[in-house]
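Undergrad: Please find protein_7.txt (compact mmCIF, C-alpha atoms and all ligand atoms) on the next line:
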```
# COMPACT_ATOMS: atom_id res chain seq x y z
CA MET Z 1 19.61 -12.24 -11.54
CA HIS Z 2 17.54 -15.36 -11.78
CA LEU Z 3 13.97 -15.09 -10.70
CA CYS Z 4 11.78 -17.97 -9.86
CA GLY Z 5 8.18 -18.82 -10.55
CA PRO Z 6 5.57 -16.18 -9.94
CA THR Z 7 8.21 -13.54 -9.28
CA ALA Z 8 9.73 -13.90 -12.67
CA ASP Z 9 6.44 -14.26 -14.46
CA ARG Z 10 5.01 -11.17 -12.85
CA CYS Z 11 8.24 -9.30 -13.26
CA PHE Z 12 8.34 -9.94 -16.97
CA ARG Z 13 4.68 -9.20 -17.47
CA ASN Z 14 5.14 -5.92 -15.73
CA LEU Z 15 8.46 -4.98 -17.22
CA ARG Z 16 6.61 -5.05 -20.48
CA LYS Z 17 4.17 -2.52 -19.07
CA VAL Z 18 6.58 -0.48 -17.00
CA LEU Z 19 9.07 -0.03 -19.77
CA GLY Z 20 6.57 -0.08 -22.58
CA LYS Z 21 9.20 -2.26 -24.19
CA THR Z 22 8.75 -4.75 -26.86
CA GLU Z 23 10.24 -8.19 -27.12
CA PRO Z 24 13.59 -7.02 -28.62
CA ARG Z 25 14.30 -4.88 -25.55
CA LEU Z 26 13.35 -7.74 -23.25
CA GLN Z 27 15.68 -10.02 -25.20
CA GLN Z 28 18.38 -7.40 -24.78
CA ILE Z 29 17.74 -7.39 -21.04
CA ARG Z 30 17.99 -11.17 -20.93
CA GLN Z 31 21.15 -11.06 -23.00
CA THR Z 32 22.77 -8.38 -20.86
CA HIS Z 33 22.13 -10.40 -17.83
CA LYS Z 34 23.34 -13.64 -19.28
CA LEU Z 35 26.64 -11.89 -19.90
CA ARG Z 36 26.70 -10.84 -16.26
CA GLY Z 37 25.17 -14.06 -15.03
CA SER Z 38 27.64 -14.71 -12.27
CA PRO Z 39 26.52 -15.95 -8.84
CA GLU Z 40 26.75 -12.51 -7.28
CA PHE Z 41 23.86 -11.43 -9.44
CA ARG Z 42 21.62 -14.16 -8.16
CA SER Z 43 18.72 -13.33 -5.96
CA PRO Z 44 17.50 -15.28 -2.91
CA CYS Z 45 14.67 -16.58 -5.08
CA ASP Z 46 17.15 -18.04 -7.52
CA GLY Z 47 15.50 -20.79 -9.45
CA ASN Z 48 13.32 -21.69 -12.34
CA SER Z 49 10.15 -20.14 -13.55
CA ALA Z 50 6.87 -21.95 -13.26
CA ASN Z 51 7.17 -23.28 -16.78
CA GLY Z 52 10.62 -24.67 -16.13
CA SER Z 53 12.69 -22.12 -18.00
CA THR Z 54 15.07 -19.85 -16.17
CA LEU Z 55 14.37 -16.17 -16.65
CA VAL Z 56 17.17 -13.72 -16.38
CA LEU Z 57 16.89 -10.03 -15.64
CA ASP Z 58 19.16 -7.07 -15.44
CA ASP Z 59 19.73 -5.94 -11.86
CA GLU Z 60 18.79 -2.37 -12.46
CA LEU Z 61 15.62 -3.36 -14.23
CA HIS Z 62 14.81 -5.85 -11.55
CA GLN Z 63 14.35 -2.88 -9.27
CA LYS Z 64 11.25 -2.21 -11.30
CA ASP Z 65 10.02 -5.64 -10.31
CA TRP Z 66 6.96 -4.76 -8.34
CA LYS Z 67 7.02 -8.23 -6.90
CA MET Z 68 9.52 -6.69 -4.52
CA ARG Z 69 6.49 -4.70 -3.47
CA ARG Z 70 3.92 -7.07 -2.04
CA PHE Z 71 0.38 -5.95 -2.61
CA LEU Z 72 -1.27 -4.53 0.48
CA VAL Z 73 -5.06 -4.65 0.58
CA ALA Z 74 -6.22 -2.56 3.53
CA GLY Z 75 -9.74 -2.10 4.82
CA ASN Z 76 -10.59 1.19 6.51
CA TRP Z 77 -13.78 0.56 8.45
CA LYS Z 78 -14.03 4.24 9.44
CA MET Z 79 -16.74 4.87 12.07
CA ASN Z 80 -18.66 1.73 11.12
CA THR Z 81 -19.49 -1.69 12.55
CA ASN Z 82 -20.23 -2.56 16.16
CA ARG Z 83 -18.50 -5.16 18.28
CA GLN Z 84 -20.62 -7.99 16.95
CA THR Z 85 -20.51 -7.11 13.25
CA GLY Z 86 -16.83 -6.16 13.43
CA VAL Z 87 -15.85 -9.45 15.03
CA ALA Z 88 -18.01 -11.42 12.59
CA LEU Z 89 -16.38 -9.64 9.63
CA ALA Z 90 -12.91 -10.25 11.08
CA LYS Z 91 -13.67 -13.96 11.47
CA GLU Z 92 -14.81 -14.19 7.87
CA LEU Z 93 -11.64 -12.49 6.66
CA ALA Z 94 -9.46 -14.63 8.92
CA ALA Z 95 -11.01 -17.70 7.31
CA VAL Z 96 -10.09 -16.58 3.79
CA ALA Z 97 -6.61 -15.29 4.67
CA LYS Z 98 -5.37 -18.03 6.96
CA MET Z 99 -1.76 -18.09 5.87
CA GLN Z 100 0.79 -15.44 5.00
CA GLU Z 101 0.97 -15.23 1.23
CA PRO Z 102 4.14 -14.20 -0.54
CA GLY Z 103 2.44 -11.69 -2.82
CA VAL Z 104 -0.39 -10.17 -0.81
CA GLU Z 105 -0.77 -8.66 2.65
CA VAL Z 106 -4.20 -7.97 4.16
CA LEU Z 107 -4.91 -5.34 6.80
CA VAL Z 108 -8.04 -4.15 8.57
CA CYS Z 109 -8.43 -0.91 10.51
CA PRO Z 110 -11.48 -1.07 12.77
CA PRO Z 111 -12.63 1.71 15.12
CA TYR Z 112 -10.56 1.99 18.33
CA PRO Z 113 -13.08 0.30 20.68
CA TYR Z 114 -13.05 -2.84 18.56
CA LEU Z 115 -9.30 -3.21 18.11
CA LEU Z 116 -9.02 -5.82 20.87
CA PRO Z 117 -11.97 -8.07 19.95
CA VAL Z 118 -11.20 -7.78 16.24
CA GLY Z 119 -7.53 -8.54 16.95
CA GLU Z 120 -8.61 -11.62 18.89
CA ALA Z 121 -10.83 -12.76 16.01
CA LEU Z 122 -7.87 -12.39 13.63
CA GLN Z 123 -5.53 -14.46 15.84
CA GLY Z 124 -3.86 -17.25 13.90
CA SER Z 125 -4.68 -15.70 10.53
CA ALA Z 126 -2.60 -13.58 8.18
CA VAL Z 127 -4.89 -10.57 8.45
CA GLN Z 128 -3.11 -7.72 10.19
CA LEU Z 129 -4.57 -5.16 12.53
CA GLY Z 130 -4.24 -1.41 12.16
CA ALA Z 131 -5.73 1.77 13.61
CA GLN Z 132 -7.30 4.65 11.72
CA ASP Z 133 -5.40 7.40 13.50
CA VAL Z 134 -3.12 8.09 16.45
CA TYR Z 135 -1.88 11.01 18.54
CA PHE Z 136 1.77 12.00 18.51
CA GLU Z 137 2.29 12.58 22.22
CA ALA Z 138 3.37 9.97 24.75
CA PRO Z 139 0.64 8.80 27.17
CA GLY Z 140 -0.48 11.64 29.41
CA ALA Z 141 -3.07 14.38 29.76
CA PHE Z 142 -4.57 14.38 26.25
CA THR Z 143 -8.26 13.68 26.76
CA GLY Z 144 -9.82 11.65 23.99
CA GLU Z 145 -6.55 10.84 22.25
CA ILE Z 146 -4.82 7.48 21.68
CA ALA Z 147 -1.04 6.98 21.96
CA VAL Z 148 1.22 4.87 19.76
CA ASP Z 149 2.02 2.63 22.74
CA MET Z 150 -1.68 1.93 23.25
CA LEU Z 151 -2.11 0.86 19.64
CA LYS Z 152 0.91 -1.43 19.94
CA ASP Z 153 -0.51 -2.81 23.16
CA CYS Z 154 -3.74 -3.65 21.32
CA GLY Z 155 -1.81 -5.57 18.67
CA CYS Z 156 -1.71 -2.99 15.89
CA GLY Z 157 1.07 -3.24 13.36
CA TYR Z 158 -0.12 -0.36 11.19
CA VAL Z 159 -1.76 3.03 11.55
CA LEU Z 160 -3.43 5.18 8.90
CA ILE Z 161 -2.25 8.79 9.04
CA GLY Z 162 -3.50 11.79 7.09
CA HIS Z 163 -6.68 10.22 5.77
CA SER Z 164 -8.67 12.80 3.84
CA GLU Z 165 -11.37 12.79 6.51
CA ARG Z 166 -8.75 13.66 9.12
CA ARG Z 167 -7.39 16.40 6.87
CA HIS Z 168 -10.66 17.88 5.62
CA VAL Z 169 -13.20 17.09 8.34
CA MET Z 170 -10.94 17.27 11.41
CA GLY Z 171 -8.67 19.94 9.98
CA GLU Z 172 -5.36 18.14 10.34
CA THR Z 173 -2.42 19.97 8.83
CA ASP Z 174 0.68 18.52 7.23
CA GLU Z 175 2.56 19.51 10.38
CA ILE Z 176 0.26 17.48 12.63
CA ILE Z 177 0.38 14.59 10.20
CA ASN Z 178 4.17 14.73 10.18
CA ARG Z 179 4.31 14.61 13.98
CA LYS Z 180 2.05 11.55 13.91
CA VAL Z 181 4.20 9.88 11.26
CA VAL Z 182 7.39 10.52 13.21
CA ALA Z 183 5.91 9.36 16.54
CA SER Z 184 4.39 6.22 15.01
CA ILE Z 185 7.61 5.13 13.36
CA ALA Z 186 9.59 5.85 16.53
CA GLY Z 187 7.10 3.73 18.47
CA GLY Z 188 7.40 0.80 16.07
CA LEU Z 189 4.24 1.11 13.96
CA ASN Z 190 4.08 0.88 10.19
CA VAL Z 191 2.41 3.93 8.71
CA VAL Z 192 -0.01 4.24 5.82
CA LEU Z 193 0.39 7.91 4.89
CA CYS Z 194 -2.61 9.11 2.89
CA VAL Z 195 -2.30 11.88 0.33
CA GLY Z 196 -4.67 13.14 -2.36
CA GLU Z 197 -6.12 16.19 -4.01
CA LEU Z 198 -9.58 17.74 -3.86
CA LEU Z 199 -11.67 17.86 -7.03
CA SER Z 200 -11.17 21.63 -7.26
CA GLU Z 201 -7.40 21.12 -7.03
CA ARG Z 202 -7.47 18.51 -9.79
CA GLU Z 203 -9.61 20.75 -11.97
CA ALA Z 204 -7.19 23.61 -11.40
CA GLY Z 205 -4.33 21.37 -12.56
CA GLN Z 206 -2.78 21.33 -9.10
CA THR Z 207 -2.81 17.59 -8.39
CA GLU Z 208 0.95 17.15 -8.48
CA THR Z 209 1.63 20.33 -6.51
CA VAL Z 210 -0.76 19.16 -3.79
CA LEU Z 211 0.80 15.69 -3.70
CA ASP Z 212 4.29 17.21 -3.48
CA ARG Z 213 3.24 19.41 -0.60
CA GLN Z 214 1.58 16.58 1.31
CA MET Z 215 4.52 14.23 0.75
CA ALA Z 216 7.09 16.84 1.77
CA GLY Z 217 5.01 17.81 4.80
CA GLY Z 218 4.18 14.28 5.92
CA LEU Z 219 7.71 12.94 5.50
CA LYS Z 220 9.56 16.01 6.77
CA GLY Z 221 12.70 14.90 8.58
CA VAL Z 222 11.93 11.21 8.01
CA SER Z 223 15.13 9.36 7.13
CA GLU Z 224 15.33 6.65 4.51
CA THR Z 225 15.56 4.00 7.25
CA ASP Z 226 12.43 5.32 8.94
CA ALA Z 227 10.59 5.85 5.66
CA ALA Z 228 10.97 2.12 5.03
CA LYS Z 229 8.15 1.75 7.59
CA VAL Z 230 5.83 3.87 5.44
CA VAL Z 231 3.34 2.90 2.77
CA ILE Z 232 1.82 5.73 0.74
CA ALA Z 233 -1.90 5.70 -0.10
CA TYR Z 234 -2.93 7.94 -2.98
CA GLU Z 235 -6.55 8.77 -2.36
CA PRO Z 236 -8.05 11.47 -4.56
CA VAL Z 237 -10.60 13.09 -2.27
CA TRP Z 238 -13.19 13.26 -5.04
CA ALA Z 239 -13.11 9.46 -5.31
CA ILE Z 240 -13.48 8.63 -1.61
CA GLY Z 241 -16.91 7.29 -0.74
CA THR Z 242 -18.37 8.83 -3.90
CA GLY Z 243 -18.58 5.81 -6.15
CA VAL Z 244 -16.45 7.79 -8.65
CA THR Z 245 -13.19 5.96 -9.10
CA ALA Z 246 -10.04 7.37 -10.65
CA SER Z 247 -9.45 5.68 -13.96
CA PRO Z 248 -6.51 3.26 -13.97
CA GLU Z 249 -4.64 5.84 -16.07
CA GLN Z 250 -5.34 8.66 -13.61
CA ALA Z 251 -4.25 6.46 -10.71
CA GLU Z 252 -1.11 5.31 -12.51
CA SER Z 253 -0.16 8.85 -13.44
CA ALA Z 254 -0.43 10.04 -9.83
CA HIS Z 255 1.42 6.99 -8.54
CA GLU Z 256 4.18 7.48 -11.08
CA HIS Z 257 4.50 11.07 -9.93
CA LEU Z 258 4.69 9.97 -6.29
CA ARG Z 259 7.38 7.45 -7.14
CA LYS Z 260 9.39 10.14 -8.90
CA TRP Z 261 8.99 12.35 -5.85
CA LEU Z 262 10.35 9.51 -3.69
CA THR Z 263 13.28 9.09 -6.05
CA THR Z 264 14.15 12.77 -5.74
CA ARG Z 265 13.63 12.88 -1.97
CA TYR Z 266 15.36 9.57 -1.24
CA ASN Z 267 16.78 7.59 -4.15
CA ALA Z 268 15.70 5.34 -7.02
CA GLU Z 269 16.35 2.09 -5.19
CA PHE Z 270 14.34 3.17 -2.19
CA SER Z 271 11.56 4.53 -4.37
CA SER Z 272 11.30 1.25 -6.25
CA ARG Z 273 10.67 -0.54 -2.94
CA MET Z 274 8.07 1.84 -1.51
CA ARG Z 275 4.48 0.64 -1.79
CA ILE Z 276 1.90 3.08 -3.10
CA LEU Z 277 -1.73 2.05 -2.62
CA TYR Z 278 -4.71 3.49 -4.45
CA GLY Z 279 -7.85 4.40 -2.52
CA GLY Z 280 -11.16 5.82 -3.66
CA SER Z 281 -14.23 3.70 -4.40
CA VAL Z 282 -12.23 0.52 -5.04
CA LYS Z 283 -14.67 -2.31 -5.67
CA ALA Z 284 -14.61 -5.88 -6.89
CA ASP Z 285 -15.27 -4.77 -10.46
CA ASN Z 286 -12.49 -2.17 -10.73
CA ALA Z 287 -9.85 -3.68 -8.43
CA GLU Z 288 -8.05 -5.71 -11.04
CA SER Z 289 -7.67 -2.86 -13.52
CA LEU Z 290 -6.43 -0.48 -10.81
CA LEU Z 291 -4.10 -2.96 -9.13
CA GLY Z 292 -2.90 -4.06 -12.54
CA GLN Z 293 -1.17 -0.71 -13.04
CA PRO Z 294 2.61 -0.94 -12.72
CA ASN Z 295 2.89 1.58 -9.88
CA VAL Z 296 -0.22 0.56 -7.94
CA ASP Z 297 0.76 -1.77 -5.11
CA GLY Z 298 -2.54 -2.36 -3.43
CA ALA Z 299 -5.70 -0.67 -2.28
CA LEU Z 300 -7.02 1.25 0.68
CA VAL Z 301 -10.68 0.34 0.73
CA GLY Z 302 -13.46 2.04 2.66
CA GLY Z 303 -17.06 1.08 1.89
CA ALA Z 304 -16.27 -2.20 0.16
CA SER Z 305 -14.21 -3.38 3.14
CA LEU Z 306 -17.28 -3.54 5.37
CA LYS Z 307 -18.55 -6.83 3.96
CA SER Z 308 -16.43 -9.87 3.20
CA ALA Z 309 -18.51 -10.39 0.05
CA SER Z 310 -17.20 -7.12 -1.35
CA PHE Z 311 -13.71 -7.09 0.27
CA VAL Z 312 -12.60 -10.64 -0.51
CA PRO Z 313 -12.89 -10.18 -4.30
CA ILE Z 314 -10.49 -7.23 -3.99
CA ILE Z 315 -8.03 -9.44 -2.11
CA ASP Z 316 -8.55 -12.06 -4.81
CA ALA Z 317 -7.77 -9.53 -7.54
CA ALA Z 318 -4.44 -8.83 -5.81
CA ARG Z 319 -3.80 -12.56 -5.43
CA LYS Z 320 -4.45 -13.10 -9.12
CA LEU Z 321 -2.09 -10.31 -10.15
CA ALA Z 322 0.58 -11.50 -7.71
CA LYS Z 323 0.75 -14.90 -9.37
C1 LIG Z 401 -11.14 5.29 2.32
O1 LIG Z 401 -11.84 5.38 3.31
O2 LIG Z 401 -9.94 5.42 2.44
C2 LIG Z 401 -11.78 5.04 1.03
C3 LIG Z 401 -11.03 4.96 -0.01
O3 LIG Z 401 -13.15 4.90 1.02
P1 LIG Z 401 -14.03 4.29 -0.19
O4 LIG Z 401 -13.37 3.02 -0.63
O5 LIG Z 401 -15.38 4.06 0.41
O6 LIG Z 401 -14.03 5.32 -1.28
```
I need this file expressed as structure tokens, please.
TA:
Amino acid sequence: MHLCGPTADRCFRNLRKVLGKTEPRLQQIRQTHKLRGSPEFRSPCDGNSANGSTLVLDDELHQKDWKMRRFLVAGNWKMNTNRQTGVALAKELAAVAKMQEPGVEVLVCPPYPYLLPVGEALQGSAVQLGAQDVYFEAPGAFTGEIAVDMLKDCGCGYVLIGHSERRHVMGETDEIINRKVVASIAGGLNVVLCVGELLSEREAGQTETVLDRQMAGGLKGVSETDAAKVVIAYEPVWAIGTGVTASPEQAESAHEHLRKWLTTRYNAEFSSRMRILYGGSVKADNAESLLGQPNVDGALVGGASLKSASFVPIIDAARKLAK
């Protein structure tokens, strides 16, 4: 498989990290592929790298190419902003993310009442609109709830489901979360499924057990085709809104575990394509080290997404790594 420009450069940089391999192994990969370098192994991005040399990768290893997984930088505004400040923020973001970029997707999730004006302010830009929650029933007698169709009607492409505040403040169970996931996918929304352990669970050594339970619960009965509409957000509860960030190593270890879970539940190819975001006090000064981890494919950002001055540098960190 021949990979062009940024794809190949990033792929090789990250293969080094992912595989922990040294140059001889990379040479071996190149060699293997040269031997198999027939047209059927060529990718759509067939071409030359930025520096003019053609890079060649083994197909199987190319699945580890996280370039297949575009970064997603998502802002969760929670119960913040008003119409005026929300629209102003959206306009600022629209101005810095005018065009679709190959390596980075940007998403904002404002409060329900501002979906329409924020969506309008984002018109013509590459910034996507999402909601912070949804109800699983079709429109009807469910006072105070919002249906999937309504979110679609307001221009949402994404919805956050299972955010820790929904789980731990509003008492949402894995069963409720699963119903929301299933209804959202059926209604044509992309889902950001949030999972993460409490501090007490981490301290008791239960992080992976909790993640397994939340993943199994949230994705119960979700086929591989439907799961392709899902992005996972690993958000350790102790890091959300606390200013305490998981170290890049802690984040990577949890993400690696989640990817293994996806491999077991679905398959390796699918798992290699699934995006796993990190969330929990992501800021300009830690974004690059977190997003630079092989299995971290973006960020779900709360506090720092409320001002373009703090959100744009996080987008820029993703842009830099995507090059
Ligand atoms: C969040 O709301 O999902 C979040 C991660 O918040 P913060 O970035 O403020 O920790």
Undergrad: Can you pull out the residues contacting Ala95 of chain Z? Cut-off 9 Å, using all atoms listed in the file, and skip same-chain residues under 5 positions away; I want them as JSON, numbers by chain.
TA: {"Z": [90, 122, 125]}
Undergrad: Please identify every polymer residue within 9 Å of ligand LIG 401 (chain Z), using all atoms listed in the file, and present the set as a PDB file with C-alpha atoms, in the frame of the given file.
TA:
```pdb
ATOM      1  CA  ALA Z  74      -6.220  -2.560   3.530  1.00  0.00           C
ATOM      2  CA  GLY Z  75      -9.740  -2.100   4.820  1.00  0.00           C
ATOM      3  CA  ASN Z  76     -10.590   1.190   6.510  1.00  0.00           C
ATOM      4  CA  TRP Z  77     -13.780   0.560   8.450  1.00  0.00           C
ATOM      5  CA  LYS Z  78     -14.030   4.240   9.440  1.00  0.00           C
ATOM      6  CA  HIS Z 163      -6.680  10.220   5.770  1.00  0.00           C
ATOM      7  CA  SER Z 164      -8.670  12.800   3.840  1.00  0.00           C
ATOM      8  CA  GLU Z 165     -11.370  12.790   6.510  1.00  0.00           C
ATOM      9  CA  CYS Z 194      -2.610   9.110   2.890  1.00  0.00           C
ATOM     10  CA  ALA Z 233      -1.900   5.700  -0.100  1.00  0.00           C
ATOM     11  CA  GLU Z 235      -6.550   8.770  -2.360  1.00  0.00           C
ATOM     12  CA  PRO Z 236      -8.050  11.470  -4.560  1.00  0.00           C
ATOM     13  CA  VAL Z 237     -10.600  13.090  -2.270  1.00  0.00           C
ATOM     14  CA  TRP Z 238     -13.190  13.260  -5.040  1.00  0.00           C
ATOM     15  CA  ALA Z 239     -13.110   9.460  -5.310  1.00  0.00           C
ATOM     16  CA  ILE Z 240     -13.480   8.630  -1.610  1.00  0.00           C
ATOM     17  CA  GLY Z 241     -16.910   7.290  -0.740  1.00  0.00           C
ATOM     18  CA  THR Z 242     -18.370   8.830  -3.900  1.00  0.00           C
ATOM     19  CA  GLY Z 243     -18.580   5.810  -6.150  1.00  0.00           C
ATOM     20  CA  VAL Z 244     -16.450   7.790  -8.650  1.00  0.00           C
ATOM     21  CA  THR Z 245     -13.190   5.960  -9.100  1.00  0.00           C
ATOM     22  CA  TYR Z 278      -4.710   3.490  -4.450  1.00  0.00           C
ATOM     23  CA  GLY Z 279      -7.850   4.400  -2.520  1.00  0.00           C
ATOM     24  CA  GLY Z 280     -11.160   5.820  -3.660  1.00  0.00           C
ATOM     25  CA  SER Z 281     -14.230   3.700  -4.400  1.00  0.00           C
ATOM     26  CA  VAL Z 282     -12.230   0.520  -5.040  1.00  0.00           C
ATOM     27  CA  LYS Z 283     -14.670  -2.310  -5.670  1.00  0.00           C
ATOM     28  CA  ALA Z 299      -5.700  -0.670  -2.280  1.00  0.00           C
ATOM     29  CA  LEU Z 300      -7.020   1.250   0.680  1.00  0.00           C
ATOM     30  CA  VAL Z 301     -10.680   0.340   0.730  1.00  0.00           C
ATOM     31  CA  GLY Z 302     -13.460   2.040   2.660  1.00  0.00           C
ATOM     32  CA  GLY Z 303     -17.060   1.080   1.890  1.00  0.00           C
ATOM     33  CA  ALA Z 304     -16.270  -2.200   0.160  1.00  0.00           C
ATOM     34  CA  SER Z 305     -14.210  -3.380   3.140  1.00  0.00           C
TER      35      SER Z 305
END
```
Undergrad: Record the distance separating atom CA of Val296 of chain Z and atom CA of His255 of chain Z, expressed in Å with one decimal.
TA: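 Here the two named atoms are 6.7 Å from each other.
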Undergrad: Can you pull out the residues contacting Ala183 of chain Z? Cut-off 9 Å, using all atoms listed in the file, and skip same-chain residues under 5 positions away; I want them as an mmCIF file with C-alpha atoms, in the frame of the given file.
TA:
```cif
data_model
loop_
_atom_site.group_PDB
_atom_site.id
_atom_site.type_symbol
_atom_site.label_atom_id
_atom_site.label_comp_id
_atom_site.auth_asym_id
_atom_site.auth_seq_id
_atom_site.Cartn_x
_atom_site.Cartn_y
_atom_site.Cartn_z
ATOM 1 C CA TYR Z 135 -1.880 11.010 18.540
ATOM 2 C CA PHE Z 136 1.770 12.000 18.510
ATOM 3 C CA GLU Z 137 2.290 12.580 22.220
ATOM 4 C CA ALA Z 138 3.370 9.970 24.750
ATOM 5 C CA VAL Z 148 1.220 4.870 19.760
ATOM 6 C CA ASN Z 178 4.170 14.730 10.180
ATOM 7 C CA GLY Z 188 7.400 0.800 16.070
ATOM 8 C CA LEU Z 189 4.240 1.110 13.960
#
```
Undergrad: State, in Å with one decimal place, the distance from atom CA of Gly292 of chain Z to atom CA of Leu321 of chain Z.
TA: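 Spanning atom CA of Gly292 of chain Z to atom CA of Leu321 of chain Z is a straight-line distance of 6.7 Å.
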Undergrad: Would you mind reading off the distance between atom CA of Val159 of chain Z and atom CA of Val181 of chain Z, one decimal, in Å?
TA: 9.1 Å
Undergrad: With distances taken over all atoms listed in the file, which residue among Z:His257, Z:Arg202, Z:Lys98, Z:Lys229 lies nearest Met274 of chain Z?
TA: Z:Lys229
Undergrad: With all atoms listed in the file as the atoms that count, which of Z:Gly124, Z:Pro117, Z:Gly86, Z:Gly162 lies nearest to Gly217 of chain Z?
TA: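 Of Z:Gly124, Z:Pro117, Z:Gly86, Z:Gly162, the one nearest Gly217 of chain Z is Z:Gly162, counting all atoms listed in the file.
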Undergrad: I'd like the neighbourhood of Leu89 of chain Z as a PyMOL selection string, where a residue qualifies if any of its atoms comes within 10 Å (using all atoms listed in the file), though same-chain residues fewer than 5 positions away should be ignored.
TA: chain Z and resi 81+83-84+94-95+118+121-122+305-309
